[in-house]
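Colleague: Got entry_34.csv for you, CSV, C-alpha atoms:
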chain,number,residue,atom,x,y,z
A,1445,MET,CA,64.7,97.3,54.5
A,1446,VAL,CA,68.2,97.3,55.9
A,1447,PRO,CA,68.8,100.1,58.3
A,1448,SER,CA,71.6,102.4,57.4
A,1449,LEU,CA,74.6,102.5,59.7
A,1450,PRO,CA,76.1,105.8,60.9
A,1451,PHE,CA,79.2,106.5,58.8
A,1452,ASP,CA,80.8,108.9,61.1
A,1453,LEU,CA,84.4,107.7,61.5
A,1454,SER,CA,85.5,110.8,63.5
A,1455,LYS,CA,88.1,110.1,66.1
A,1456,ASP,CA,85.6,110.7,68.9
A,1457,VAL,CA,83.1,108.2,67.6
A,1458,LEU,CA,85.9,105.7,66.8
A,1459,ARG,CA,87.4,106.2,70.3
A,1460,LYS,CA,84.1,105.6,72.0
A,1461,SER,CA,83.2,102.5,70.0
A,1462,SER,CA,86.8,101.1,70.3
A,1463,LEU,CA,86.9,101.7,74.1
A,1464,GLU,CA,83.5,100.0,74.5
A,1465,ALA,CA,84.7,97.0,72.4
A,1466,ARG,CA,87.9,96.7,74.5
A,1467,LYS,CA,85.9,96.8,77.7
A,1468,ALA,CA,83.4,94.1,76.4
A,1469,PHE,CA,86.4,91.9,75.3
A,1470,VAL,CA,88.1,92.2,78.7
A,1471,ARG,CA,84.8,91.3,80.4
A,1472,THR,CA,84.9,87.9,78.6
A,1473,LEU,CA,88.3,87.1,80.2
A,1474,ASP,CA,88.6,85.4,83.6
A,1475,ASP,CA,91.7,86.2,85.7
A,1476,GLY,CA,93.6,83.1,84.5
A,1477,HIS,CA,93.0,83.7,80.8
A,1478,ARG,CA,93.9,87.3,81.1
A,1479,ALA,CA,97.2,86.3,82.9
A,1480,ILE,CA,98.0,83.8,80.1
A,1481,LEU,CA,97.5,86.5,77.4
A,1482,GLU,CA,99.6,89.0,79.3
A,1483,GLN,CA,102.4,86.4,79.6
A,1484,LYS,CA,102.2,85.8,75.8
A,1485,LEU,CA,102.5,89.6,75.3
A,1486,ALA,CA,105.6,89.6,77.5
A,1487,GLU,CA,107.2,86.7,75.6
A,1488,HIS,CA,106.7,88.6,72.3
A,1489,LEU,CA,108.3,91.7,73.7
A,1490,THR,CA,111.4,89.9,75.1
A,1491,SER,CA,113.7,90.5,72.1
A,1492,LEU,CA,112.6,94.1,71.7
A,1493,CYS,CA,113.3,94.7,75.4
A,1494,ALA,CA,116.7,92.9,75.2
A,1495,ASN,CA,117.8,95.2,72.5
A,1496,ALA,CA,117.1,98.4,74.4
A,1497,ALA,CA,119.0,100.1,77.2
A,1498,VAL,CA,116.0,102.0,78.7
A,1499,VAL,CA,112.5,100.5,78.4
A,1500,ALA,CA,109.5,102.6,79.1
A,1501,GLY,CA,106.1,101.1,80.0
A,1502,TYR,CA,102.9,102.3,81.5
A,1503,SER,CA,100.8,101.5,84.6
A,1504,PRO,CA,97.7,99.9,83.1
A,1505,MET,CA,94.3,101.3,83.9
A,1506,GLY,CA,90.9,99.6,83.5
A,1507,SER,CA,90.7,97.3,80.5
A,1508,GLU,CA,94.3,98.1,79.2
A,1509,ILE,CA,96.5,95.1,78.8
A,1510,SER,CA,99.4,95.1,81.3
A,1511,PRO,CA,103.0,95.4,80.0
A,1512,MET,CA,104.3,94.8,83.6
A,1513,LEU,CA,105.6,91.2,83.0
A,1514,ALA,CA,107.6,92.5,80.0
A,1515,ILE,CA,108.9,95.4,82.1
A,1516,GLU,CA,109.9,93.0,84.9
A,1517,GLU,CA,111.7,90.8,82.4
A,1518,ALA,CA,113.6,93.8,81.0
A,1519,ARG,CA,114.6,94.8,84.5
A,1520,ALA,CA,115.8,91.2,85.3
A,1521,VAL,CA,118.2,91.4,82.3
A,1522,GLY,CA,119.7,94.7,83.5
A,1523,ARG,CA,117.6,97.2,81.5
A,1524,ILE,CA,116.6,100.5,83.1
A,1525,VAL,CA,112.8,100.7,83.3
A,1526,ALA,CA,110.8,104.0,83.2
A,1527,PHE,CA,107.3,105.2,83.3
A,1528,PRO,CA,105.6,108.5,82.3
A,1529,ALA,CA,105.4,111.1,85.1
A,1530,PHE,CA,103.8,114.6,85.2
A,1531,SER,CA,105.3,117.4,87.2
A,1532,ASP,CA,102.6,119.7,85.8
A,1533,PRO,CA,99.5,118.2,84.1
A,1534,ALA,CA,99.5,121.1,81.6
A,1535,LYS,CA,103.0,120.2,80.3
A,1536,PRO,CA,104.2,117.1,78.5
A,1537,PHE,CA,105.1,114.3,80.8
A,1538,ARG,CA,108.7,113.0,81.1
A,1539,PHE,CA,109.9,109.4,81.6
A,1540,LEU,CA,111.3,108.8,85.1
A,1541,SER,CA,113.2,105.6,86.0
A,1542,GLY,CA,111.7,103.5,88.7
A,1543,ASP,CA,108.4,101.9,89.5
A,1544,PRO,CA,105.0,103.6,89.3
A,1545,VAL,CA,104.3,104.0,93.0
A,1546,GLU,CA,102.8,107.5,93.4
A,1547,PRO,CA,99.4,108.7,92.2
A,1548,GLY,CA,99.7,111.0,89.3
A,1549,PRO,CA,97.1,113.1,87.5
A,1550,PHE,CA,94.5,111.4,85.3
A,1551,GLY,CA,94.2,108.4,87.6
A,1552,PHE,CA,97.5,106.6,86.9
A,1553,LEU,CA,100.5,105.7,89.0
A,1554,GLN,CA,103.9,107.2,88.3
A,1555,PRO,CA,107.4,107.0,89.7
A,1556,LYS,CA,108.4,109.3,92.6
A,1557,ARG,CA,108.9,112.9,91.4
A,1558,ARG,CA,112.5,112.8,92.5
A,1559,ALA,CA,113.4,109.8,90.3
A,1560,PRO,CA,115.9,110.4,87.6
A,1561,VAL,CA,114.6,111.6,84.2
A,1562,VAL,CA,115.6,109.2,81.4
A,1563,GLU,CA,115.2,109.0,77.6
A,1564,PRO,CA,114.0,105.6,76.7
A,1565,ASP,CA,115.0,103.9,73.4
A,1566,LEU,CA,112.0,101.6,73.6
A,1567,ILE,CA,108.6,102.9,74.6
A,1568,LEU,CA,105.6,100.6,75.1
A,1569,VAL,CA,102.6,102.9,74.4
A,1570,PRO,CA,99.1,102.2,75.6
A,1571,LEU,CA,96.3,102.7,73.1
A,1572,ILE,CA,92.6,102.4,72.4
A,1573,ALA,CA,93.1,101.3,68.8
A,1574,ILE,CA,95.8,101.3,66.1
A,1575,ASP,CA,95.7,100.8,62.3
A,1576,GLY,CA,98.2,99.4,59.9
A,1577,ARG,CA,100.0,102.7,59.3
A,1578,GLY,CA,100.8,103.0,63.0
A,1579,THR,CA,98.2,105.7,63.7
A,1580,ARG,CA,97.3,105.4,67.3
A,1581,LEU,CA,94.0,106.3,68.9
A,1582,GLY,CA,94.6,107.3,72.5
A,1583,ARG,CA,92.4,109.0,75.1
A,1584,GLY,CA,92.3,112.2,73.1
A,1585,LYS,CA,94.3,114.6,75.3
A,1586,GLY,CA,97.6,114.5,73.2
A,1587,HIS,CA,99.8,113.7,76.2
A,1588,TYR,CA,101.7,110.9,74.4
A,1589,ASP,CA,102.0,112.8,71.1
A,1590,ARG,CA,103.6,115.7,72.9
A,1591,ALA,CA,106.0,113.5,74.7
A,1592,LEU,CA,106.9,111.1,71.9
A,1593,GLY,CA,107.7,113.5,69.1
A,1594,HIS,CA,111.2,114.4,70.4
A,1595,LEU,CA,112.0,110.8,71.4
A,1596,LYS,CA,111.0,109.4,68.0
A,1597,LYS,CA,113.4,112.0,66.4
A,1598,THR,CA,116.2,110.8,68.6
A,1599,GLY,CA,115.7,107.2,67.5
A,1600,ALA,CA,113.4,105.7,70.2
A,1601,LYS,CA,111.3,102.8,69.0
A,1602,LEU,CA,107.6,103.3,69.7
A,1603,ILE,CA,105.5,100.1,70.1
A,1604,GLY,CA,101.8,100.3,70.7
A,1605,VAL,CA,100.6,97.6,73.2
A,1606,GLY,CA,97.1,96.2,73.3
A,1607,TRP,CA,94.8,93.2,72.9
A,1608,ALA,CA,94.8,91.8,69.4
A,1609,MET,CA,91.3,93.1,68.8
A,1610,GLN,CA,92.6,96.6,69.1
A,1611,ARG,CA,94.3,96.4,65.8
A,1612,LEU,CA,91.9,97.8,63.3
A,1613,GLU,CA,91.8,97.1,59.6
A,1614,ALA,CA,90.2,100.5,58.9
A,1615,ALA,CA,92.4,103.5,58.8
A,1616,ILE,CA,92.2,105.8,61.8
A,1617,PRO,CA,91.8,109.5,60.9
A,1618,SER,CA,95.1,111.3,61.6
A,1619,ASP,CA,95.9,114.8,62.5
A,1620,PRO,CA,99.2,116.6,61.8
A,1621,TRP,CA,100.3,116.3,65.5
A,1622,ASP,CA,99.7,112.5,65.7
A,1623,ILE,CA,103.0,110.6,66.1
A,1624,PRO,CA,102.8,107.3,64.2
A,1625,LEU,CA,104.1,104.3,66.0
A,1626,HIS,CA,106.7,101.8,64.7
A,1627,GLY,CA,104.7,98.7,65.6
A,1628,PHE,CA,102.0,97.0,67.6
A,1629,ALA,CA,102.5,94.2,70.2
A,1630,SER,CA,99.7,92.0,71.4
A,1631,PRO,CA,99.4,88.5,72.7
A,1632,ASP,CA,99.3,87.4,69.1
A,1633,GLY,CA,102.7,88.8,68.3
A,1634,VAL,CA,104.5,91.9,67.2
A,1635,GLU,CA,103.7,93.7,63.9
A,1636,GLU,CA,106.1,96.3,62.6
A,1637,PHE,CA,104.9,99.0,60.3
A,1638,ALA,CA,106.7,100.2,57.2
Step by step, read the file and then write its structure as structure tokens.
Modeller:
Amino acid sequence: MVPSLPFDLSKDVLRKSSLEARKAFVRTLDDGHRAILEQKLAEHLTSLCANAAVVAGYSPMGSEISPMLAIEEARAVGRIVAFPAFSDPAKPFRFLSGDPVEPGPFGFLQPKRRAPVVEPDLILVPLIAIDGRGTRLGRGKGHYDRALGHLKKTGAKLIGVGWAMQRLEAAIPSDPWDIPLHGFASPDGVEEFA
């Protein structure tokens, strides 16, 4: 008899299983292979960054892929670079120009609080998983959805960034407040969603 599998595709279950899968994948990488994959990601992001005036990234945590090589390349060709920063953890974050050098809430680094606020036209968004509709599965607190809604309306391009295995074939359940992304970038390339 074949055991039945749980068919609960709730966001919480999907988030937990996708996060565990990402951690397991990253454990298979040595430092050299991880660096090669992050370099490939940066190469795929080059043209997107070149066509933006303000490029926003994120300071990677744990098993997240690092966008930092792409951010450095954008800075080298004269783009303003920015990162999320909270002044109050209960309010949406803003993007501040500059490097992530100060500890922020939730365990990530952010620019100095006195850095200028900017509105990026390209935002590299961390994720746990993404589907072919651009539905992003994040950490579940809604910080990115609250910050990205306004920026998407003003024309910012939202590109999820992750390891290729984070792109799911199955649809991720979406809620009315979820902000779909325009595409997904990984070491395998950039996929734009319709």
Colleague: Let me make sure I understand: among A:Gly1576, A:Gly1551, A:Pro1504, A:Pro1511, which one has the smallest atom-to-atom distance to Ala1486 of chain A if we use all atoms listed in the file?
Modeller: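 Smallest separation from Ala1486 of chain A among the options: A:Pro1511.
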Colleague: Which residues, written as a list of chain:residue names, have at least one atom at most 10 Å from Lys1535 of chain A, with only C-alpha atoms counted and residues fewer than 2 positions away on the same chain left out?
Modeller: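 Listed by chain and then number, they are A:Phe1530, A:Ser1531, A:Asp1532, A:Pro1533, A:Phe1537, A:Arg1538, A:His1587, A:Arg1590, A:Ala1591.
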Colleague: Could you tell me how far atom CA of Gly1627 of chain A sits from atom CA of Leu1481 of chain A, in Å to one decimal place?
Modeller: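 Atom CA of Leu1481 of chain A sits 18.4 Å away from atom CA of Gly1627 of chain A.
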Colleague: Between atom CA of Ile1603 of chain A and atom CA of Ile1524 of chain A, what is the distance in Å, rounded to a tenth?
Modeller: 17.1 Å
Colleague: Quick one: distance from atom CA of Phe1637 of chain A to atom CA of Ala1600 of chain A in Å, one decimal?
Modeller: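 Rounded to one decimal, the two atoms are 14.7 Å apart.
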Colleague: Find the residue from A:Ser1507, A:Ala1529, A:Leu1595, A:Arg1459 that sits nearest to Thr1472 of chain A; use only C-alpha atoms when measuring.
Modeller: A:Ser1507
Colleague: Neighbours of Ile1509 of chain A within 12 Å (all atoms listed in the file; same-chain residues fewer than 2 positions away dropped), as a count of residues only?
Modeller: 40
Colleague: Name the residues in contact with Pro1617 of chain A at a cut-off of 7 Å, using only C-alpha atoms, excluding same-chain residues fewer than 2 positions from it; report them as a PyMOL selection string.
Modeller: chain A and resi 1454-1455+1615+1619
Colleague: Do you know which residues are at most 9 Å from Tyr1588 of chain A counting all atoms listed in the file, after dropping those on the same chain fewer than 4 positions away, and could you put them as a list in words?
Modeller: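 Residues meeting the cut-off are Pro1536, Phe1537, Val1569, Gly1582, Leu1592, Gly1593 and Ile1623 of chain A.
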Colleague: Taking 6 positions as the minimum chain separation for residues in the same chain, which residues sit within 10 Å of Ala1518 of chain A when counting only C-alpha atoms? Answer as a list in words.
Modeller: Ala1486, Leu1489, Thr1490, Ser1491, Leu1492, Cys1493, Ala1494, Asn1495, Ala1496, Ala1497, Val1498, Val1499, Ala1500, Met1512, Ile1524 and Val1525 of chain A
Colleague: Find the residue from A:Leu1540, A:Leu1553, A:Ile1567, A:Ala1573 that sits nearest to Phe1527 of chain A; use only C-alpha atoms when measuring.
Modeller: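 Checking each candidate against Phe1527 of chain A, we get A:Leu1540 as the closest.
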